[in-house]
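Working notes for the structure below.
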Amino acid sequence: MKNFALLFSLSALFSVMAAGCGSSQITDLPLVWAGAAKPPPPSAAVASAFTTVAIEPGDFKDGRTTPPNVVGTYEDDGFKVTTKGDVRAFWAGRERVLLEGAGVHFQTPGGARLDATLLQLDVLEGSTFNGTARMTFTVTTRSAQPWSKSYDGHSKRWGRTHKPDNFDEALSNAIVDATRQLLVDPAFAAALQGQPTH
């Protein structure tokens, strides 16, 4: 009888341990910049605009329509990966670092004002980690109509691990990809200089 009780207790203990170890639902993803490439370089036209136009930092706001704490989804069961961190602050802070790394010198007042809106930032984990960062940039000058354009950044990482590091890498690289597209867009360079963009 004692042996049976001991075996039952050990079985229950192992079941609890297995459940704990097997739990991979991320309910508080630490928002960490991870695995991203160095800041993308600007095209020659955009670099020239950065040196000739003073750029005023505008509002970098969160325009997502999804719940603000959701940053990912497990494709197999639909589980939503959440964070207790400030997604807008994470994105806006890193966006400024990327732009400054590309040559932007922000100052107020400026000849051109740069605003941005975050429209999507999340990861779909299936057989790979697929990150998406969608954002709109708006340039306002005194000599031309405001110019706006959206960019979709993407990132793919192999694995099916439910690991926070993989989610952070996918988010980070998607942000870099969207920013890279902005930095080589001739329409962005023209807008900064108050020129026609069509």
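Starting from 1 in every chain, residues are counted up; chains themselves are A, B, ... following the order of the structure tokens, and ligands are numbered from 1 as listed.
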
>> as a ChimeraX atom specification, please: every residue in chain A that DSSP puts in helix (DSSP H, G or I).
In response: /A:2-22,44-52,87-101,164-183,186-192

> Could you name the residues that touch stretch 141-146 of chain A at 8 Å or less, counting only C-alpha atoms, but leaving out those on the same chain fewer than 3 positions away, as number ranges by chain?
Replying inline: A: 111-113, 138, 191-196

>> Give me, as a PyMOL selection string, the residues of stretch 48-121 of chain A that a backbone DSSP run labels strand (DSSP E or B).
In response: chain A and resi 55-62+70-74+80-82+106+112-121

Please report as a tab-separated table every residue of stretch 86-111 of chain A lying within 10 Å of stretch 61-68 of chain A, along with the nearest atom pair and their distance in Å (one decimal), using only C-alpha atoms.
residue	atom	partner	partner_atom	distance
A:Asp86	CA	A:Pro68	CA	8.5
A:Val87	CA	A:Pro68	CA	7.3
A:Arg88	CA	A:Asp62	CA	5.6
A:Ala89	CA	A:Lys61	CA	8.8
A:Trp91	CA	A:Asp62	CA	9.1
A:Ala92	CA	A:Lys61	CA	7.8

> When distances are computed from only C-alpha atoms, which of A:Ala47, A:Ala174, A:Ala190, A:Leu114 shows the smallest separation from A:Ala133?
Replying inline: A:Ala174

>> Can you tell me which residues surround A:Ala116 at a distance of at most 10 Å, considering only C-alpha atoms, apart from same-chain residues fewer than 4 positions away, and format the answer as JSON, numbers by chain?
In response: {"A": [57, 58, 59, 60, 61, 62, 63, 92, 95, 135, 136, 137, 138, 139, 148, 149, 150]}

>> Show me, as a list in words, the residues that have an atom within 10 Å of stretch 178-180 of chain A when counting only C-alpha atoms, minus same-chain residues fewer than 6 positions from it.
In response: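 With the cut-off at 10 Å, the set is Pro39, Pro40, Pro41, Pro42, Ser43, Glu95, Leu98, Leu99, Ala102, Thr132, Ala133, Arg134, Met135, Thr136, Phe137, Ser150, Tyr151, Asp152, Gly153, His154 and Ser155 of chain A.
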
Dump C-alpha atoms for the selected residues as a CSV table (one decimal), in the first residue's frame?
chain,number,residue,atom,x,y,z
A,39,PRO,CA,20.8,50.1,-39.7
A,40,PRO,CA,19.9,50.1,-43.4
A,41,PRO,CA,21.8,52.7,-45.5
A,42,PRO,CA,19.9,55.4,-47.4
A,43,SER,CA,20.0,55.8,-51.1
A,95,GLU,CA,12.7,53.7,-35.4
A,98,LEU,CA,17.4,53.5,-37.3
A,99,LEU,CA,16.8,56.9,-38.9
A,102,ALA,CA,21.0,56.4,-41.6
A,132,THR,CA,5.2,41.8,-40.2
A,133,ALA,CA,5.7,45.5,-39.6
A,134,ARG,CA,3.5,47.9,-41.4
A,135,MET,CA,3.8,51.7,-41.0
A,136,THR,CA,2.9,54.9,-42.6
A,137,PHE,CA,5.3,57.9,-42.8
A,150,SER,CA,2.9,53.0,-46.2
A,151,TYR,CA,5.6,50.3,-46.1
A,152,ASP,CA,5.2,46.6,-45.3
A,153,GLY,CA,8.2,45.1,-43.7
A,154,HIS,CA,8.6,41.3,-43.5
A,155,SER,CA,10.9,38.8,-41.7

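We find atom CA of A:Asp165 and atom CA of A:Phe90 to be spaced 15.5 Å apart.
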